[in-house]
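Trainee: Have a look at this one before I ask anything.
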Amino acid sequence: MTSSTQARTVDLHIGGAASAPENGRFVVKTQRLTGQDVAQVAAAAAPDAVRAVAAAAQAGPGWAGLAPAGRRAVLERAAELLEERGAEIAATMGREMGAAAAWCGFNVKLGANMLREAAAQVYATIGQVIPSDVPGMTAIAERKPLGVVVGIAPWNAPIILGVRAIAMPLAFGNTVVLKASEETPATQAAIVQCLVDAGAPAGVVNLITNAPEDAAEVVEALIAHPAVRCVNFTGSTRVGRRIGELAGRHLTRSVLELGGKAPFVVLADADLDEAAAAASFGAFMNQGQICMSTERIIVDRAVAEPFADKLAERARALVVGDPQEPGTQLGPLVHEAAVAHVHALVQDAVAHGATVLTGGEPDGLFFPPTVLTGVGAEARIYTEESFGPLAPIIVVDGVDEAVRVANDSEYGLSAAVFTSDADLGLYVARRIESGICHINGATVHDEAQMPFGGVKASGFGRFGSQASLEEFTELRWVTLSSEHRHYPI
């Protein structure tokens with residue numbers, strides 16, 4: 001096995017075997033914090049994407065026809081392998097994206113749980129007998145695999161979201177092509193290797209990696225292939241719009257989990273200590289680089305000042321530093337452009353009257369957890385996704401204004417409401433336009449069995465357990481006539 005400190009080679013995986021790209025080209029993935037090489041990565045082009053889809057299509061009938069227990073065994077064994085290899089895979093993830101050890105370890109844990117949950121769903125494709133008005137006719141609604149599913153995974157939670165892109169499609173009898181993120185190719189290659197080593201037949205799971213400049217060409221080749229029946233993508237709304245348009249052009253299903261600007265509502269009767277703890281976790285975990293990250297903290301004026309003080313105190317106590325150090329809680333941002341974007345949002349907010357309570361200035365790739373007060377609608381941070389460790393506080397007067405501000409966004413993925421009144425919490429949660437809402441909990445929360453997805457510009461479709469059945473199977477109507485039929489002509 002390759003040493004965790006040594007650069008490795010990441011090949012394509014097509015049709016059950018490691019494969020070099022047809023053009024023979026590889027690119028180097030480096031650790032941005034140190035400049036150290038992490039991997040030599042196969043730089044696929046369109047012909048490689050076509051090969052991967054063809055391999056998945058060829059393997060489709062055999063995998064779909066396999067007894068559910070066979071698919072379950074592969075997924076369960078893959079979960080075991082992911083955990084057994086967890087330390088090395090987590091270390092690779094940390095070097096590729098700069099994540100702290102806690103986030104990497106959580107990715108391994110939830111990724112394994114997602115594989116086990118997928119294994120538990122292999123029998124979920126049970127159909128339904130529907131009463132027919134035709135004498136002697138039995139009508140059945142049955143679920144069938146779609147065929148080839150393309151999963152396009154991001155870098156920010158590369159194990160969780162890499163597994164999510166392919167586990168449920170596999171459980172329901174589809175074959176898959178995973179297009180890894182350019183930021184975390186070695187991490188996501190390790191997921192595919194776990195499935196292959198767990199006994200996935202040749203062609204059932206395929207891996208495509210690419211150079212950043214070739215991403216559009218590779219993605220278009222994958223989606224345009226006539227054998228591809230569905231594409232699922234997790235990433236930015238900007239790229240998601242392009243993928244949705246491309247999928248629509250080819251009449252290919254799409255499941256899109258896109259950007260977020262999660263509102264975190266603190267009502268006047270909230271437990272401020274609990275709310276500050278959840279807001280700190282939601283805003284700063286993984287440097288705020290999570291689709292569910294708390295991006296707007298909407299606080300009733302009656303408690304705004306004490307809440308801001310508690311949140312700022314928590315932010316100052318967080319340890320920012322080398323992600324390989326055990327005590328580090330926040331590591332670097334993913335790249336220099338991310339730092340520049342986050343810093344520009346802070347500067348713009350201050351120019352529009354906001355006050356920085358703590359943080360606000362970068363140090364190379366590091367950006368400290370930053371709390372701002374006095375943020376108004378004219379500031380860019382009010383509307384733009386920061387994807388960084390920023391906690392902008394917006395002060396409101398009463399429940400109705402809190403709901404209005406929470407909904408004043410193009411996004412609608414996750415949300416949170418803090419209140420001591422459960423009925424009021426449910427009332428507010430039901431008025432917020434989001435696919436997910438947690439009452440007295442952080443905006444960042446995920447479980448393998450839960451329906452996960454957003455509304456508005458945060459995308460459409462749902463991942464997670466039985467919710468995935470709708471996305472990754474086809475509903476067919478089948479009839480059986482056992483009596484003589486009379487036809488009018």
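Convention: chains lettered A, B, ... in structure tokens order; per-chain residue numbering from 1; ligands numbered from 1 as shown.
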Need to verify the contact set: Ala202 of chain A, 12 Å, only C-alpha atoms, exclusion of same-chain residues closer than 6 positions in sequence. Can you return it as a list in words?
Mentor: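 What passes the distance filter is His13, Ile14, Gly15, Gly16, Ala17, Ala18, Ala52, Ala54, Ala55, Ala56, Ala57, Gln58, Ala59, Gly60, Gly62, Trp63, Thr175, Val176, Val192, Gln193, Leu195 and Val196 of chain A.
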Trainee: Please return as an MDAnalysis selection string: the residues of segment 266-441 of chain A that backbone DSSP assigns to strand (DSSP E).
Mentor: chainID A and resid 266 294:300 355:358 370:373 390:396 416:418 438:439
Trainee: Report the distance between atom CA of Gly260 of chain A and atom CA of Asp363 of chain A in Å, rounded to one decimal place.
Mentor: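 That distance, rounded to one decimal, is 25.8 Å.
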Trainee: Between atom CA of Asp269 of chain A and atom CA of Thr373 of chain A, measure the distance and give it in Å to one decimal.
Mentor: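 Straight-line distance from atom CA of Asp269 of chain A to atom CA of Thr373 of chain A works out to 20.0 Å.
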Trainee: One number please: atom CA of Val356 of chain A to atom CA of Val371 of chain A, in Å, one decimal.
Mentor: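 Distance reported for this atom pair: 6.0 Å.
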Trainee: Which neighbours of Thr443 of chain A fall inside 10 Å, counting only C-alpha atoms, when residues of the same chain fewer than 2 positions from it are skipped, and could you give them as a PyMOL selection string?
Mentor: chain A and resi 262-264+278-279+281-283+291-295+413-417+436-441+445-446
Trainee: Save out the residues we just selected, N, CA, C and O atoms, as a compact mmCIF listing (two decimals), in the first residue's frame.
Mentor:
# COMPACT_ATOMS: atom_id res chain seq x y z
N ALA A 262 -27.52 29.49 4.14
CA ALA A 262 -28.40 29.03 5.20
C ALA A 262 -28.69 30.10 6.24
O ALA A 262 -27.77 30.63 6.87
N PRO A 263 -29.98 30.39 6.47
CA PRO A 263 -30.35 31.32 7.54
C PRO A 263 -30.41 30.60 8.89
O PRO A 263 -30.83 29.45 8.99
N PHE A 264 -29.96 31.29 9.92
CA PHE A 264 -29.96 30.77 11.29
C PHE A 264 -30.71 31.80 12.12
O PHE A 264 -30.19 32.88 12.41
N ALA A 278 -24.37 26.32 18.41
CA ALA A 278 -24.78 25.79 17.11
C ALA A 278 -24.36 26.70 15.97
O ALA A 278 -23.95 26.23 14.89
N ALA A 279 -24.45 28.01 16.19
CA ALA A 279 -24.06 28.95 15.14
C ALA A 279 -22.56 28.88 14.88
O ALA A 279 -22.11 28.95 13.72
N PHE A 281 -20.55 26.27 15.34
CA PHE A 281 -20.31 25.02 14.59
C PHE A 281 -20.77 25.17 13.14
O PHE A 281 -20.03 24.83 12.21
N GLY A 282 -21.96 25.70 12.94
CA GLY A 282 -22.52 25.79 11.60
C GLY A 282 -21.77 26.74 10.70
O GLY A 282 -21.65 26.51 9.49
N ALA A 283 -21.25 27.82 11.26
CA ALA A 283 -20.56 28.81 10.45
C ALA A 283 -19.10 28.46 10.19
O ALA A 283 -18.56 28.79 9.13
N CYS A 291 -21.99 23.07 2.12
CA CYS A 291 -23.18 23.64 1.48
C CYS A 291 -24.22 24.08 2.50
O CYS A 291 -25.00 25.00 2.25
N MET A 292 -24.25 23.43 3.67
CA MET A 292 -25.22 23.75 4.72
C MET A 292 -24.71 24.81 5.69
O MET A 292 -25.40 25.15 6.66
N SER A 293 -23.50 25.31 5.49
CA SER A 293 -22.91 26.24 6.46
C SER A 293 -23.83 27.41 6.78
O SER A 293 -24.52 27.94 5.90
N THR A 294 -23.82 27.82 8.04
CA THR A 294 -24.59 28.99 8.46
C THR A 294 -24.01 30.23 7.80
O THR A 294 -22.87 30.60 8.04
N GLU A 295 -24.80 30.87 6.95
CA GLU A 295 -24.31 32.01 6.16
C GLU A 295 -24.98 33.33 6.55
O GLU A 295 -24.49 34.39 6.20
N LEU A 413 -31.46 25.74 0.87
CA LEU A 413 -31.02 24.39 1.21
C LEU A 413 -31.32 24.10 2.68
O LEU A 413 -32.32 23.46 3.00
N SER A 414 -30.48 24.56 3.59
CA SER A 414 -30.68 24.29 5.01
C SER A 414 -31.04 25.57 5.75
O SER A 414 -30.76 26.68 5.28
N ALA A 415 -31.66 25.39 6.93
CA ALA A 415 -32.02 26.53 7.78
C ALA A 415 -32.09 26.05 9.22
O ALA A 415 -32.15 24.84 9.48
N ALA A 416 -32.11 26.99 10.15
CA ALA A 416 -32.25 26.66 11.57
C ALA A 416 -33.04 27.75 12.26
O ALA A 416 -33.01 28.92 11.86
N VAL A 417 -33.77 27.36 13.32
CA VAL A 417 -34.54 28.28 14.14
C VAL A 417 -34.30 27.93 15.60
O VAL A 417 -34.42 26.76 15.99
N ILE A 436 -34.48 21.81 4.04
CA ILE A 436 -34.14 21.27 5.36
C ILE A 436 -34.28 22.39 6.37
O ILE A 436 -33.88 23.54 6.10
N CYS A 437 -34.83 22.10 7.54
CA CYS A 437 -34.85 23.09 8.62
C CYS A 437 -34.74 22.37 9.96
O CYS A 437 -35.46 21.40 10.21
N HIS A 438 -33.85 22.85 10.80
CA HIS A 438 -33.62 22.27 12.11
C HIS A 438 -34.05 23.26 13.19
O HIS A 438 -33.59 24.40 13.18
N ILE A 439 -34.89 22.80 14.08
CA ILE A 439 -35.32 23.64 15.20
C ILE A 439 -34.43 23.32 16.39
O ILE A 439 -34.34 22.17 16.82
N ASN A 440 -33.77 24.35 16.90
CA ASN A 440 -32.82 24.20 18.01
C ASN A 440 -31.67 23.25 17.66
O ASN A 440 -31.23 22.44 18.49
N GLY A 441 -31.20 23.35 16.43
CA GLY A 441 -30.06 22.58 15.97
C GLY A 441 -29.31 23.36 14.91
O GLY A 441 -29.81 24.35 14.36
N HIS A 445 -26.02 19.49 9.38
CA HIS A 445 -26.41 18.21 9.95
C HIS A 445 -26.78 17.29 8.80
O HIS A 445 -27.51 17.67 7.90
N ASP A 446 -26.27 16.06 8.85
CA ASP A 446 -26.56 15.09 7.79
C ASP A 446 -26.59 13.70 8.38
O ASP A 446 -25.77 13.37 9.25
Trainee: Write out as a PyMOL selection string each polymer residue whose atoms come within 9 Å of Phe452 of chain A, counting only C-alpha atoms; drop sequence neighbours fewer than 4 positions from it.
Mentor: chain A and resi 257+413+435-436+446-448+461-464+467
Trainee: Kindly export the residues of the current selection with C-alpha atoms, as a tab-separated table (two decimals), in the first residue's frame.
Mentor:
chain	number	residue	atom	x	y	z
A	257	GLU	CA	-27.61	19.77	-4.86
A	413	LEU	CA	-31.02	24.39	1.21
A	435	GLY	CA	-35.40	21.80	1.79
A	436	ILE	CA	-34.14	21.27	5.36
A	446	ASP	CA	-26.56	15.09	7.79
A	447	GLU	CA	-27.60	11.49	8.30
A	448	ALA	CA	-27.48	8.74	5.72
A	461	GLY	CA	-34.15	16.20	-6.18
A	462	ARG	CA	-33.29	14.40	-2.97
A	463	PHE	CA	-30.47	12.15	-1.82
A	464	GLY	CA	-30.69	9.80	1.11
A	467	ALA	CA	-35.85	9.47	-1.04
Trainee: With only C-alpha atoms as the atoms that count, which of A:Leu251, A:Ala317, A:Ala118, A:Val177 lies nearest to Ala73 of chain A?
Mentor: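 Checking each candidate against Ala73 of chain A, we get A:Ala118 as the closest.
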Trainee: If you run DSSP on the backbone here, which positions in segment 137-181 of chain A get alpha helix (DSSP H)? Please write them as a ChimeraX atom specification.
Mentor: /A:158-171
Trainee: Write the residues of the preceding selection, restricted to N, CA, C and O atoms, as a PDB file, in the first residue's frame.
Mentor:
ATOM      1  N   PRO A 158     -15.274  15.268   0.453  1.00  0.00           N
ATOM      2  CA  PRO A 158     -15.060  14.385  -0.692  1.00  0.00           C
ATOM      3  C   PRO A 158     -15.427  12.924  -0.463  1.00  0.00           C
ATOM      4  O   PRO A 158     -15.805  12.237  -1.414  1.00  0.00           O
ATOM      5  N   ILE A 159     -15.350  12.462   0.780  1.00  0.00           N
ATOM      6  CA  ILE A 159     -15.741  11.073   1.039  1.00  0.00           C
ATOM      7  C   ILE A 159     -17.257  10.980   1.139  1.00  0.00           C
ATOM      8  O   ILE A 159     -17.893  10.149   0.464  1.00  0.00           O
ATOM      9  N   ILE A 160     -17.856  11.823   1.949  1.00  0.00           N
ATOM     10  CA  ILE A 160     -19.311  11.810   2.100  1.00  0.00           C
ATOM     11  C   ILE A 160     -19.994  11.979   0.749  1.00  0.00           C
ATOM     12  O   ILE A 160     -20.884  11.204   0.363  1.00  0.00           O
ATOM     13  N   LEU A 161     -19.583  12.995   0.013  1.00  0.00           N
ATOM     14  CA  LEU A 161     -20.298  13.330  -1.222  1.00  0.00           C
ATOM     15  C   LEU A 161     -19.873  12.447  -2.389  1.00  0.00           C
ATOM     16  O   LEU A 161     -20.639  12.261  -3.332  1.00  0.00           O
ATOM     17  N   GLY A 162     -18.660  11.890  -2.325  1.00  0.00           N
ATOM     18  CA  GLY A 162     -18.279  10.885  -3.314  1.00  0.00           C
ATOM     19  C   GLY A 162     -19.088   9.623  -3.151  1.00  0.00           C
ATOM     20  O   GLY A 162     -19.598   9.047  -4.129  1.00  0.00           O
ATOM     21  N   VAL A 163     -19.238   9.162  -1.906  1.00  0.00           N
ATOM     22  CA  VAL A 163     -20.069   7.981  -1.644  1.00  0.00           C
ATOM     23  C   VAL A 163     -21.512   8.262  -2.010  1.00  0.00           C
ATOM     24  O   VAL A 163     -22.188   7.433  -2.648  1.00  0.00           O
ATOM     25  N   ARG A 164     -22.028   9.419  -1.609  1.00  0.00           N
ATOM     26  CA  ARG A 164     -23.435   9.730  -1.868  1.00  0.00           C
ATOM     27  C   ARG A 164     -23.763   9.737  -3.348  1.00  0.00           C
ATOM     28  O   ARG A 164     -24.874   9.369  -3.763  1.00  0.00           O
ATOM     29  N   ALA A 165     -22.805  10.127  -4.162  1.00  0.00           N
ATOM     30  CA  ALA A 165     -23.044  10.208  -5.604  1.00  0.00           C
ATOM     31  C   ALA A 165     -23.283   8.851  -6.241  1.00  0.00           C
ATOM     32  O   ALA A 165     -23.884   8.768  -7.316  1.00  0.00           O
ATOM     33  N   ILE A 166     -22.822   7.768  -5.587  1.00  0.00           N
ATOM     34  CA  ILE A 166     -22.872   6.463  -6.256  1.00  0.00           C
ATOM     35  C   ILE A 166     -23.520   5.348  -5.446  1.00  0.00           C
ATOM     36  O   ILE A 166     -23.971   4.360  -6.027  1.00  0.00           O
ATOM     37  N   ALA A 167     -23.613   5.480  -4.111  1.00  0.00           N
ATOM     38  CA  ALA A 167     -24.043   4.338  -3.288  1.00  0.00           C
ATOM     39  C   ALA A 167     -25.496   3.943  -3.534  1.00  0.00           C
ATOM     40  O   ALA A 167     -25.805   2.761  -3.762  1.00  0.00           O
ATOM     41  N   MET A 168     -26.413   4.910  -3.462  1.00  0.00           N
ATOM     42  CA  MET A 168     -27.821   4.571  -3.678  1.00  0.00           C
ATOM     43  C   MET A 168     -28.108   4.140  -5.117  1.00  0.00           C
ATOM     44  O   MET A 168     -28.868   3.190  -5.341  1.00  0.00           O
ATOM     45  N   PRO A 169     -27.531   4.794  -6.123  1.00  0.00           N
ATOM     46  CA  PRO A 169     -27.712   4.256  -7.477  1.00  0.00           C
ATOM     47  C   PRO A 169     -27.280   2.799  -7.589  1.00  0.00           C
ATOM     48  O   PRO A 169     -27.959   1.985  -8.236  1.00  0.00           O
ATOM     49  N   LEU A 170     -26.167   2.436  -6.966  1.00  0.00           N
ATOM     50  CA  LEU A 170     -25.717   1.043  -6.996  1.00  0.00           C
ATOM     51  C   LEU A 170     -26.711   0.130  -6.283  1.00  0.00           C
ATOM     52  O   LEU A 170     -27.009  -0.974  -6.755  1.00  0.00           O
ATOM     53  N   ALA A 171     -27.219   0.564  -5.151  1.00  0.00           N
ATOM     54  CA  ALA A 171     -28.151  -0.262  -4.386  1.00  0.00           C
ATOM     55  C   ALA A 171     -29.378  -0.629  -5.205  1.00  0.00           C
ATOM     56  O   ALA A 171     -29.899  -1.748  -5.092  1.00  0.00           O
TER      57      ALA A 171
END
Trainee: Considering only C-alpha atoms, can you say which of A:Ser132, A:Thr479, A:Asn107, A:Ser236 comes closest to Leu256 of chain A?
Mentor: A:Ser236
Trainee: Which is closer to Ala402 of chain A than all the others in A:Glu378, A:Val265, A:Arg485, A:Leu390, using only C-alpha atoms?
Mentor: A:Val265
Trainee: Nearest to Thr234 of chain A: which of A:Phe460, A:Trp477, A:Phe418, A:Tyr123 is it, counting only C-alpha atoms?
Mentor: A:Phe460
Trainee: Which is closest to Pro47 of chain A among A:Glu313, A:Glu471, A:Glu220, A:Glu305, if we use only C-alpha atoms?
Mentor: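 Of the candidates, the smallest distance to Pro47 of chain A is held by A:Glu220.
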Trainee: Find the spatial neighbours of segment 82-85 of chain A, counting only C-alpha atoms, within a cut-off of 7 Å - ignore same-chain residues fewer than 5 positions away - and output them as a PyMOL selection string.
Mentor: chain A and resi 108+112+194
Trainee: Just write the chosen residues, all heavy atoms, as a tab-separated table (two decimals), in the first residue's frame.
Mentor:
chain	number	residue	atom	x	y	z
A	108	VAL	N	-15.11	9.89	6.84
A	108	VAL	CA	-14.99	8.43	6.78
A	108	VAL	C	-16.17	7.76	7.46
A	108	VAL	O	-16.79	6.83	6.93
A	108	VAL	CB	-13.67	7.96	7.43
A	108	VAL	CG1	-13.64	6.44	7.58
A	108	VAL	CG2	-12.48	8.43	6.59
A	112	ALA	N	-19.04	5.60	5.43
A	112	ALA	CA	-19.31	4.18	5.71
A	112	ALA	C	-20.78	3.96	6.05
A	112	ALA	O	-21.40	2.97	5.62
A	112	ALA	CB	-18.41	3.70	6.85
A	194	CYS	N	-12.40	0.84	-2.82
A	194	CYS	CA	-13.10	0.06	-1.79
A	194	CYS	C	-14.22	-0.77	-2.40
A	194	CYS	O	-14.40	-1.96	-2.05
A	194	CYS	CB	-13.66	0.98	-0.71
A	194	CYS	SG	-12.42	1.68	0.41
Trainee: Give me the residues within 7 Å of Arg253 of chain A as a list in words, counting only C-alpha atoms and dropping any in the same chain fewer than 6 places off.
Mentor: Arg229, Cys230, Val231 and Ala247 of chain A
